[in-house]
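Participant: Handing over my_file_19.txt, compact mmCIF, C-alpha atoms and all ligand atoms.
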```txt
# COMPACT_ATOMS: atom_id res chain seq x y z
CA MET A 132 111.51 101.95 113.55
CA LYS A 133 109.27 102.08 116.56
CA ALA A 134 107.91 98.75 117.79
CA MET A 135 106.14 97.45 120.87
CA GLN A 136 108.13 94.47 122.05
CA LEU A 137 107.58 91.70 124.60
CA THR A 138 110.86 90.83 126.33
CA ALA A 139 109.42 88.48 128.97
CA PRO A 140 105.94 87.12 129.67
CA ARG A 141 103.72 88.96 132.14
CA LYS A 142 105.58 92.23 131.56
CA PRO A 143 104.14 95.22 129.71
CA LEU A 144 105.28 95.62 126.12
CA ALA A 145 108.18 98.07 125.82
CA LEU A 146 108.41 100.76 123.16
CA ALA A 147 111.64 99.85 121.33
CA ASP A 148 113.68 101.52 118.60
CA LEU A 149 114.59 98.66 116.26
CA PRO A 150 116.32 98.51 112.87
CA VAL A 151 113.87 98.30 109.96
CA PRO A 152 113.97 94.57 109.03
CA ARG A 153 115.35 93.48 105.64
CA PRO A 154 113.22 91.28 103.37
CA GLY A 155 114.86 87.94 102.60
CA ARG A 156 114.21 85.68 99.60
CA GLY A 157 110.51 85.56 98.81
CA GLU A 158 109.69 88.13 101.48
CA LEU A 159 108.09 91.55 101.47
CA LEU A 160 108.98 94.58 103.54
CA ILE A 161 105.65 96.10 104.54
CA LYS A 162 104.86 99.47 106.09
CA VAL A 163 102.21 98.70 108.72
CA ARG A 164 99.05 100.82 108.43
CA ALA A 165 96.93 98.96 110.97
CA CYS A 166 97.29 95.90 113.18
CA GLY A 167 94.45 94.22 115.04
CA VAL A 168 94.83 93.21 118.68
CA CYS A 169 93.83 89.57 119.11
CA ARG A 170 93.15 87.53 122.23
CA THR A 171 96.06 85.30 121.17
CA ASP A 172 98.39 88.29 121.68
CA LEU A 173 97.06 88.49 125.21
CA HIS A 174 97.80 84.78 125.78
CA VAL A 175 101.39 85.37 124.58
CA VAL A 176 101.85 88.48 126.73
CA ASP A 177 100.29 86.80 129.76
CA GLY A 178 102.55 83.73 129.45
CA GLU A 179 99.66 81.33 128.78
CA LEU A 180 101.17 80.40 125.42
CA THR A 181 104.81 79.48 125.61
CA GLY A 182 107.23 78.27 122.95
CA GLY A 183 107.36 81.48 120.95
CA LYS A 184 110.44 83.60 120.36
CA LEU A 185 111.55 86.26 122.82
CA PRO A 186 111.83 89.12 122.48
CA ILE A 187 108.88 89.19 120.10
CA VAL A 188 106.89 91.93 118.40
CA PRO A 189 103.26 90.66 118.65
CA GLY A 190 100.51 91.28 116.13
CA HIS A 191 99.08 89.04 113.41
CA GLU A 192 96.21 91.02 111.88
CA ILE A 193 98.42 93.28 109.79
CA VAL A 194 97.31 95.62 107.03
CA GLY A 195 100.13 97.39 105.26
CA THR A 196 101.70 98.59 102.07
CA VAL A 197 104.53 96.82 100.28
CA VAL A 198 107.61 99.03 100.24
CA GLU A 199 110.27 96.57 99.07
CA ASN A 200 110.38 93.11 97.51
CA GLY A 201 113.03 90.61 98.57
CA VAL A 202 114.80 88.56 95.91
CA GLY A 203 112.28 86.43 94.03
CA ALA A 204 109.20 88.02 95.62
CA ALA A 205 106.93 88.84 92.68
CA ARG A 206 103.31 88.35 93.78
CA TYR A 207 102.86 91.97 94.84
CA THR A 208 104.39 95.20 93.60
CA ALA A 209 105.55 98.17 95.65
CA GLY A 210 102.55 100.16 96.88
CA ALA A 211 100.18 97.16 96.96
CA ARG A 212 98.03 96.79 100.06
CA VAL A 213 98.39 93.36 101.67
CA GLY A 214 97.21 91.54 104.77
CA VAL A 215 99.49 89.40 106.94
CA PRO A 216 97.74 86.72 109.05
CA TRP A 217 98.74 84.40 111.90
CA LEU A 218 99.96 81.62 109.58
CA GLY A 219 103.43 82.79 108.59
CA TYR A 220 105.14 79.67 107.27
CA THR A 221 104.43 75.99 106.58
CA CYS A 222 106.81 73.25 105.46
CA GLY A 223 104.77 72.08 102.46
CA LYS A 224 105.98 68.50 102.99
CA CYS A 225 104.52 67.02 106.17
CA VAL A 226 101.44 64.77 106.20
CA TYR A 227 99.24 67.75 107.14
CA CYS A 228 100.55 70.07 104.42
CA ALA A 229 100.24 67.24 101.90
CA SER A 230 96.57 66.68 102.79
CA GLY A 231 95.22 70.25 102.63
CA ARG A 232 95.58 70.80 106.38
CA GLU A 233 98.48 73.23 106.49
CA ASN A 234 96.88 74.82 109.58
CA LEU A 235 98.17 71.73 111.43
CA CYS A 236 101.67 71.72 109.84
CA ASP A 237 104.28 70.12 112.10
CA ALA A 238 106.77 72.89 111.33
CA ALA A 239 104.41 75.89 111.04
CA ARG A 240 105.57 79.29 112.22
CA PHE A 241 103.20 82.01 113.30
CA THR A 242 103.27 85.78 112.96
CA GLY A 243 103.67 87.69 116.21
CA TYR A 244 104.69 84.48 117.99
CA GLN A 245 107.69 82.97 116.21
CA ILE A 246 108.00 85.74 113.59
CA ASP A 247 108.01 89.43 114.55
CA GLY A 248 104.56 90.88 113.89
CA GLY A 249 102.69 94.08 113.32
CA TYR A 250 102.95 96.05 116.57
CA ALA A 251 105.60 98.02 114.67
CA GLU A 252 106.05 100.53 111.87
CA TYR A 253 107.42 97.86 109.51
CA VAL A 254 107.19 94.10 109.21
CA VAL A 255 108.69 91.46 106.95
CA ALA A 256 106.46 88.61 105.71
CA ASP A 257 106.74 85.62 103.38
CA GLU A 258 104.66 86.72 100.40
CA ARG A 259 103.11 83.25 99.95
CA TYR A 260 101.09 83.72 103.15
CA CYS A 261 99.97 87.31 102.49
CA PHE A 262 96.51 88.15 101.19
CA ALA A 263 95.17 90.81 98.87
CA LEU A 264 92.43 92.68 100.75
CA PRO A 265 88.94 93.68 99.61
CA GLU A 266 88.84 97.36 98.63
CA ALA A 267 85.61 97.99 100.50
CA TYR A 268 87.49 98.11 103.80
CA ASP A 269 89.76 100.85 105.06
CA ASP A 270 92.97 99.81 106.81
CA ALA A 271 91.61 99.69 110.37
CA GLY A 272 88.40 98.06 109.20
CA ALA A 273 90.24 95.32 107.30
CA ALA A 274 92.58 94.36 110.16
CA PRO A 275 90.07 92.32 112.21
CA LEU A 276 89.19 90.27 109.14
CA LEU A 277 92.67 88.74 109.26
CA CYS A 278 92.27 86.65 112.40
CA ALA A 279 88.95 87.33 114.11
CA GLY A 280 87.36 86.98 110.68
CA LEU A 281 89.40 84.10 109.25
CA ILE A 282 89.44 81.90 112.32
CA GLY A 283 85.87 82.85 113.11
CA TYR A 284 84.93 81.71 109.61
CA ARG A 285 86.81 78.43 109.99
CA SER A 286 84.99 77.89 113.31
CA LEU A 287 81.65 78.56 111.64
CA VAL A 288 82.39 75.99 108.94
CA MET A 289 83.36 73.46 111.65
CA ALA A 290 80.06 74.17 113.42
CA GLY A 291 78.20 72.62 110.48
CA VAL A 292 75.13 73.94 108.74
CA GLY A 293 72.64 73.96 111.63
CA GLU A 294 70.26 76.90 111.81
CA ARG A 295 70.46 77.69 115.54
CA LEU A 296 73.98 78.87 116.36
CA GLY A 297 75.17 79.74 119.88
CA ILE A 298 78.15 82.07 120.33
CA TYR A 299 79.90 82.26 123.71
CA GLY A 300 81.96 85.42 124.14
CA PHE A 301 80.90 88.37 122.01
CA GLY A 302 84.18 90.04 121.03
CA ALA A 303 86.03 90.62 117.76
CA ALA A 304 85.51 87.19 116.20
CA ALA A 305 81.88 86.86 117.33
CA HIS A 306 80.87 90.22 115.94
CA ILE A 307 82.05 89.10 112.48
CA VAL A 308 80.76 85.50 112.69
CA ALA A 309 77.31 86.69 113.76
CA GLN A 310 76.99 88.71 110.54
CA VAL A 311 78.12 85.81 108.35
CA ALA A 312 75.75 83.43 110.16
CA ARG A 313 72.81 85.81 109.64
CA TYR A 314 73.75 86.13 105.94
CA GLN A 315 73.60 82.31 105.74
CA GLY A 316 70.08 82.37 107.16
CA ARG A 317 70.95 81.13 110.64
CA ARG A 318 69.67 82.41 113.94
CA VAL A 319 72.30 83.57 116.43
CA PHE A 320 72.08 83.10 120.20
CA ALA A 321 74.71 85.29 121.89
CA PHE A 322 76.06 84.51 125.37
CA THR A 323 78.19 87.12 127.16
CA ARG A 324 79.85 87.49 130.53
CA PRO A 325 77.18 87.81 133.25
CA GLY A 326 76.04 91.41 133.45
CA ASP A 327 77.70 92.55 130.22
CA VAL A 328 74.64 94.41 129.01
CA ALA A 329 76.68 96.44 126.51
CA ALA A 330 77.90 93.29 124.73
CA GLN A 331 74.35 91.91 124.71
CA ARG A 332 73.05 95.10 123.16
CA PHE A 333 75.87 95.01 120.58
CA ALA A 334 74.97 91.40 119.70
CA GLY A 335 71.34 92.42 119.29
CA GLU A 336 72.34 95.24 116.93
CA LEU A 337 74.21 92.68 114.82
CA GLY A 338 71.11 90.57 114.45
CA ALA A 339 71.26 88.07 117.31
CA SER A 340 67.78 86.55 117.87
CA TRP A 341 68.44 86.07 121.57
CA THR A 342 71.04 87.47 123.95
CA GLY A 343 71.80 86.47 127.49
CA ASP A 344 74.62 85.61 129.80
CA SER A 345 76.62 82.41 129.80
CA THR A 346 74.92 81.06 132.93
CA MET A 347 71.55 81.03 131.15
CA ALA A 348 69.97 78.29 129.06
CA PRO A 349 68.86 79.40 125.59
CA PRO A 350 65.09 79.39 124.94
CA GLU A 351 65.46 76.42 122.59
CA ALA A 352 68.11 73.77 121.95
CA LEU A 353 70.90 74.83 119.59
CA ASP A 354 72.35 72.99 116.60
CA ALA A 355 75.88 74.17 117.34
CA ALA A 356 77.84 76.49 119.57
CA ILE A 357 81.15 78.27 119.10
CA ILE A 358 83.12 79.23 122.20
CA PHE A 359 85.36 82.26 121.70
CA ALA A 360 85.83 83.07 125.40
CA PRO A 361 88.85 81.27 126.92
CA ALA A 362 86.88 79.77 129.82
CA GLY A 363 86.77 75.96 130.16
CA PRO A 364 83.51 75.82 132.15
CA LEU A 365 81.72 77.13 129.04
CA VAL A 366 82.27 73.73 127.39
CA ALA A 367 79.80 72.07 129.75
CA ALA A 368 77.40 75.00 129.45
CA ALA A 369 77.50 74.75 125.66
CA LEU A 370 77.05 70.96 125.68
CA ARG A 371 73.92 71.45 127.78
CA ALA A 372 72.66 74.04 125.28
CA VAL A 373 73.07 71.96 122.11
CA ALA A 374 70.57 69.42 120.81
CA LYS A 375 71.39 65.80 119.99
CA GLY A 376 74.01 65.67 117.26
CA GLY A 377 75.11 69.20 118.09
CA VAL A 378 78.73 70.31 117.94
CA VAL A 379 80.61 72.56 120.34
CA VAL A 380 83.55 74.31 118.68
CA CYS A 381 86.34 75.71 120.86
CA ALA A 382 87.80 78.47 118.71
CA GLY A 383 90.58 79.85 120.89
CA ILE A 384 94.22 78.77 121.08
CA HIS A 385 94.12 78.67 124.88
CA MET A 386 91.38 77.88 127.38
CA SER A 387 91.34 77.39 131.13
CA ASP A 388 90.85 73.78 132.25
CA ILE A 389 87.57 72.14 131.37
CA PRO A 390 85.92 70.86 134.56
CA ALA A 391 84.63 67.28 134.77
CA PHE A 392 81.09 66.90 133.50
CA PRO A 393 78.54 64.06 133.39
CA TYR A 394 78.66 61.88 130.30
CA ASP A 395 74.99 62.37 129.62
CA ILE A 396 75.53 65.94 128.38
CA LEU A 397 77.87 64.56 125.69
CA TRP A 398 75.67 61.53 124.93
CA GLY A 399 73.38 61.75 121.91
CA GLU A 400 76.24 62.21 119.45
CA ARG A 401 77.11 65.65 120.67
CA ALA A 402 80.73 66.50 119.84
CA ILE A 403 83.41 68.83 121.12
CA ARG A 404 86.19 69.98 118.84
CA SER A 405 88.84 72.66 118.66
CA VAL A 406 89.78 74.81 115.70
CA ALA A 407 93.44 75.52 115.13
CA ASN A 408 94.95 78.28 113.02
CA LEU A 409 93.97 78.82 109.39
CA THR A 410 94.80 77.63 105.93
CA ARG A 411 95.42 80.02 103.06
CA ARG A 412 92.28 78.61 101.50
CA ASP A 413 90.23 79.73 104.55
CA GLY A 414 91.65 83.21 104.02
CA GLU A 415 90.84 83.35 100.33
CA GLU A 416 87.29 82.08 100.89
CA PHE A 417 86.53 84.42 103.76
CA LEU A 418 88.06 87.54 102.19
CA ALA A 419 85.92 86.92 99.09
CA LEU A 420 82.80 86.39 101.22
CA ALA A 421 83.18 89.32 103.67
CA PRO A 422 82.33 92.14 101.22
CA LYS A 423 79.32 90.17 99.90
CA VAL A 424 77.68 89.85 103.32
CA PRO A 425 78.78 92.64 103.74
CA VAL A 426 80.58 92.17 107.05
CA ARG A 427 80.93 95.52 108.80
CA THR A 428 83.70 95.66 111.38
CA THR A 429 83.39 97.75 114.51
CA THR A 430 86.79 98.90 115.76
CA GLU A 431 88.34 100.93 118.56
CA THR A 432 91.65 102.37 117.43
CA PHE A 433 94.81 103.03 119.42
CA ALA A 434 98.21 104.54 118.64
CA LEU A 435 101.11 102.06 118.57
CA GLY A 436 102.37 103.32 121.93
CA GLU A 437 98.98 102.53 123.47
CA ALA A 438 99.29 98.77 122.83
CA ASN A 439 99.39 97.95 126.55
CA GLU A 440 96.19 99.93 127.08
CA ALA A 441 94.51 98.08 124.21
CA LEU A 442 95.57 94.71 125.66
CA ALA A 443 94.36 95.68 129.14
CA ARG A 444 90.97 96.67 127.78
CA LEU A 445 90.71 93.38 125.87
CA ARG A 446 91.66 91.41 129.02
CA GLU A 447 88.90 93.19 130.94
CA GLY A 448 86.31 92.75 128.19
CA ARG A 449 86.07 96.50 127.64
CA VAL A 450 86.41 96.56 123.84
CA THR A 451 83.35 96.79 121.59
CA GLY A 452 84.18 94.85 118.42
CA ALA A 453 87.91 94.77 117.71
CA ALA A 454 90.86 96.81 119.00
CA VAL A 455 93.21 98.00 116.26
CA LEU A 456 96.61 99.70 116.53
CA LEU A 457 97.50 102.39 114.00
CA PRO A 458 101.31 102.46 113.86
CA GLY A 459 101.29 105.37 111.43
CA ALA A 460 99.38 107.57 113.87
CA GLY A 461 102.23 108.52 116.20
ZN ZN A 501 103.92 71.00 107.01
ZN ZN A 502 94.44 86.00 116.33
```
How would this structure read if it were set down as structure tokens?
Ligand SMILES: [Zn+2]
Ligand SMILES: [Zn+2]

Facilitator:
Amino acid sequence: MKAMQLTAPRKPLALADLPVPRPGRGELLIKVRACGVCRTDLHVVDGELTGGKLPIVPGHEIVGTVVENGVGAARYTAGARVGVPWLGYTCGKCVYCASGRENLCDAARFTGYQIDGGYAEYVVADERYCFALPEAYDDAGAAPLLCAGLIGYRSLVMAGVGERLGIYGFGAAAHIVAQVARYQGRRVFAFTRPGDVAAQRFAGELGASWTGDSTMAPPEALDAAIIFAPAGPLVAAALRAVAKGGVVVCAGIHMSDIPAFPYDILWGERAIRSVANLTRRDGEEFLALAPKVPVRTTTETFALGEANEALARLREGRVTGAAVLLPGAG
């Protein structure tokens, strides 16, 4: 099969000819129809996230069709459409797994990081972590739901129920979260890179009440802010933007260093927290909610061999919505 493989950090992915993987016990062999390109993939490729396997096939927003069941795999039949997310394995025994926090499992393994992912024509996945997908979405449209959507949703829950929600960084996750937040009756304040008028316009089209750049103060204090952009200085900016009791949620897996800031911007019971990974429950809740909103995903599609181009555009902030690879498209 064709796959785009990372052999060493900070090198372009290489188009490789690999054997089609074999499904082990409890696993599915899946023909990949679409795979979203996530900022986490960029952190792996750019060497900002270490500790994964090398070489690795990235990609953890996988939509595909089951072609073969490994021994004992019985949740899905051949031909079923499934989604494969970032969470690829948990131990089921540690204190986190035992307390409904499998996203924090001590022995978790992640798709496209420790397990070969979806930048390929085929992938193998543990069926217990796969999701059935809502029929309202085509393959490319469903892919961004699987990380941008799921982790965006978890971040929104962590942000609490406040009505005035700030979003820093208006990419794949933000474009989904903004729609869910509007559906919940919240107002969205969208902050983009300075000068990114296109992203501000896009946020406005998705219902943001106010758009501006990240150096600006919002017109009123916010109840919560979610930071999707991987830039540490935004933490202080967001703390200044939230009202007393407000929470700042850092939604990415990697962020540049957070500069020192005066205690008074944290005072007043403001809080900073990160969001890590997803639980299967997050996935089930969000995938049931998305078609009710209904969340509409905006995607830019690329052939498998164009993965480096897709990553470069994401790095430069030149993707509107989500980038999605179509491994079946040559
Ligand atoms: Zn565990
Ligand atoms: Zn992701």

Participant: List the spatial neighbours of Gly377 of chain A as an NGL selection string - criterion: any atom at most 7 Å away, all atoms listed in the file, same-chain residues fewer than 2 positions off excluded.

Facilitator: :A and (354-355 or 373-375 or 379 or 401-402)

Participant: Here is a test: counting all atoms listed in the file, which residue of A:Arg371, A:Arg285, A:Arg318, A:Arg324 is nearest to Arg411 of chain A?

Facilitator: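 Distance minimum relative to Arg411 of chain A lands on A:Arg285.
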
Participant: Please find the residues contacting ligand ZN 501 (chain A) at a distance of at most 12 Å between atoms, with all atoms listed in the file counted, and report them as number ranges by chain.

Facilitator: A: 218-240, 410

Participant: Considering only C-alpha atoms, return as a PyMOL selection string whatever protein or nucleic-acid residues lie within 7 Å of Pro140 of chain A, sequence-local ones (same chain, fewer than 3 positions apart) excluded.

Facilitator: chain A and resi 176-178

Participant: Could you check which of A:Gly326, A:Gly272, A:Pro143, A:Gly383 is closest to ligand ZN 502 (chain A), using all atoms listed in the file?

Facilitator: A:Gly383

Participant: Which of these, A:Ile246, A:Met289, A:Ala303, A:Ala263, has the shortest distance to ligand ZN 502 (chain A) once you count only C-alpha atoms and all ligand atoms?

Facilitator: A:Ala303

Participant: Considering only C-alpha atoms, return as a count of residues only whatever protein or nucleic-acid residues lie within 10 Å of Leu281 of chain A, sequence-local ones (same chain, fewer than 6 positions apart) excluded.

Facilitator: 19

Participant: Please, which residues in chain A fall within 7 Å of ligand ZN 502 (chain A) when counting only C-alpha atoms and all ligand atoms, and what is the closest atom pair and distance in Å to one decimal for each, ordered by chain then residue number, as CSV?

Facilitator:
```
residue,atom,partner,partner_atom,distance
A:Cys169,CA,A:ZN502,ZN,4.6
A:Arg170,CA,A:ZN502,ZN,6.2
A:Thr171,CA,A:ZN502,ZN,5.2
A:His191,CA,A:ZN502,ZN,6.3
A:Glu192,CA,A:ZN502,ZN,6.9
A:Trp217,CA,A:ZN502,ZN,6.4
A:Cys278,CA,A:ZN502,ZN,4.5
A:Ala279,CA,A:ZN502,ZN,6.1
```

Participant: For the atom pair atom CA of His385 of chain A and atom CA of Gly302 of chain A, what is the interatomic distance in Å to one decimal place?

Facilitator: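 Here the two named atoms are 15.6 Å from each other.
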
Participant: So that I can check the surroundings of Leu296 of chain A, please list as a PyMOL selection string every protein, DNA and RNA residue that reaches within 12 Å of it, counting all atoms listed in the file and ignoring chain neighbours fewer than 4 positions away.

Facilitator: chain A and resi 286-292+305+308-313+315-322+339-342+349+351-358+369+372-374+377-380

Participant: Would you put the residues from that selection into a file with C-alpha atoms, as a JSON list (two decimals), keeping the file's coordinate frame?

Facilitator:
```json
[["chain", "number", "residue", "atom", "x", "y", "z"],
["A", 286, "SER", "CA", 84.99, 77.89, 113.31],
["A", 287, "LEU", "CA", 81.65, 78.56, 111.64],
["A", 288, "VAL", "CA", 82.39, 75.99, 108.94],
["A", 289, "MET", "CA", 83.36, 73.46, 111.65],
["A", 290, "ALA", "CA", 80.06, 74.17, 113.42],
["A", 291, "GLY", "CA", 78.20, 72.62, 110.48],
["A", 292, "VAL", "CA", 75.13, 73.94, 108.74],
["A", 305, "ALA", "CA", 81.88, 86.86, 117.33],
["A", 308, "VAL", "CA", 80.76, 85.50, 112.69],
["A", 309, "ALA", "CA", 77.31, 86.69, 113.76],
["A", 310, "GLN", "CA", 76.99, 88.71, 110.54],
["A", 311, "VAL", "CA", 78.12, 85.81, 108.35],
["A", 312, "ALA", "CA", 75.75, 83.43, 110.16],
["A", 313, "ARG", "CA", 72.81, 85.81, 109.64],
["A", 315, "GLN", "CA", 73.60, 82.31, 105.74],
["A", 316, "GLY", "CA", 70.08, 82.37, 107.16],
["A", 317, "ARG", "CA", 70.95, 81.13, 110.64],
["A", 318, "ARG", "CA", 69.67, 82.41, 113.94],
["A", 319, "VAL", "CA", 72.30, 83.57, 116.43],
["A", 320, "PHE", "CA", 72.08, 83.10, 120.20],
["A", 321, "ALA", "CA", 74.71, 85.29, 121.89],
["A", 322, "PHE", "CA", 76.06, 84.51, 125.37],
["A", 339, "ALA", "CA", 71.26, 88.07, 117.31],
["A", 340, "SER", "CA", 67.78, 86.55, 117.87],
["A", 341, "TRP", "CA", 68.44, 86.07, 121.57],
["A", 342, "THR", "CA", 71.04, 87.47, 123.95],
["A", 349, "PRO", "CA", 68.86, 79.40, 125.59],
["A", 351, "GLU", "CA", 65.46, 76.42, 122.59],
["A", 352, "ALA", "CA", 68.11, 73.77, 121.95],
["A", 353, "LEU", "CA", 70.90, 74.83, 119.59],
["A", 354, "ASP", "CA", 72.35, 72.99, 116.60],
["A", 355, "ALA", "CA", 75.88, 74.17, 117.34],
["A", 356, "ALA", "CA", 77.84, 76.49, 119.57],
["A", 357, "ILE", "CA", 81.15, 78.27, 119.10],
["A", 358, "ILE", "CA", 83.12, 79.23, 122.20],
["A", 369, "ALA", "CA", 77.50, 74.75, 125.66],
["A", 372, "ALA", "CA", 72.66, 74.04, 125.28],
["A", 373, "VAL", "CA", 73.07, 71.96, 122.11],
["A", 374, "ALA", "CA", 70.57, 69.42, 120.81],
["A", 377, "GLY", "CA", 75.11, 69.20, 118.09],
["A", 378, "VAL", "CA", 78.73, 70.31, 117.94],
["A", 379, "VAL", "CA", 80.61, 72.56, 120.34],
["A", 380, "VAL", "CA", 83.55, 74.31, 118.68]]
```

Participant: Pick from A:Leu277, A:Leu159, A:Thr138, A:His174: nearest to Ala453 of chain A, with all atoms listed in the file counted?

Facilitator: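 Result for the nearest residue to Ala453 of chain A: A:Leu277.
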
Participant: So the first atom is atom CA of Arg141 of chain A and the second is atom CA of Leu456 of chain A; what is the distance between them in Å, to one decimal place?

Facilitator: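 Going from atom CA of Arg141 of chain A over to atom CA of Leu456 of chain A, I get 20.2 Å.
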
Participant: Which residue gives the smallest distance to Ala362 of chain A among A:Gly182, A:Pro350, A:Gly190, A:Pro390, with all atoms listed in the file counted?

Facilitator: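 Nearest candidate to Ala362 of chain A out of A:Gly182, A:Pro350, A:Gly190, A:Pro390: A:Pro390.
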
Participant: Using all atoms listed in the file - which residues lie no farther than 8 Å from the point (104.8, 96.9, 95.1) in the file's frame? Write them as a list in words.

Facilitator: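 Applying the cut-off with all atoms listed in the file, one gets Thr196, Val197, Val198, Glu199, Asn200, Tyr207, Thr208, Ala209, Gly210 and Ala211 of chain A.
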
Participant: Just give me the gap between atom CA of Ile396 of chain A and atom CA of Ala368 of chain A in Å, one decimal is fine.

Facilitator: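 Between atom CA of Ile396 of chain A and atom CA of Ala368 of chain A the gap works out to 9.3 Å.
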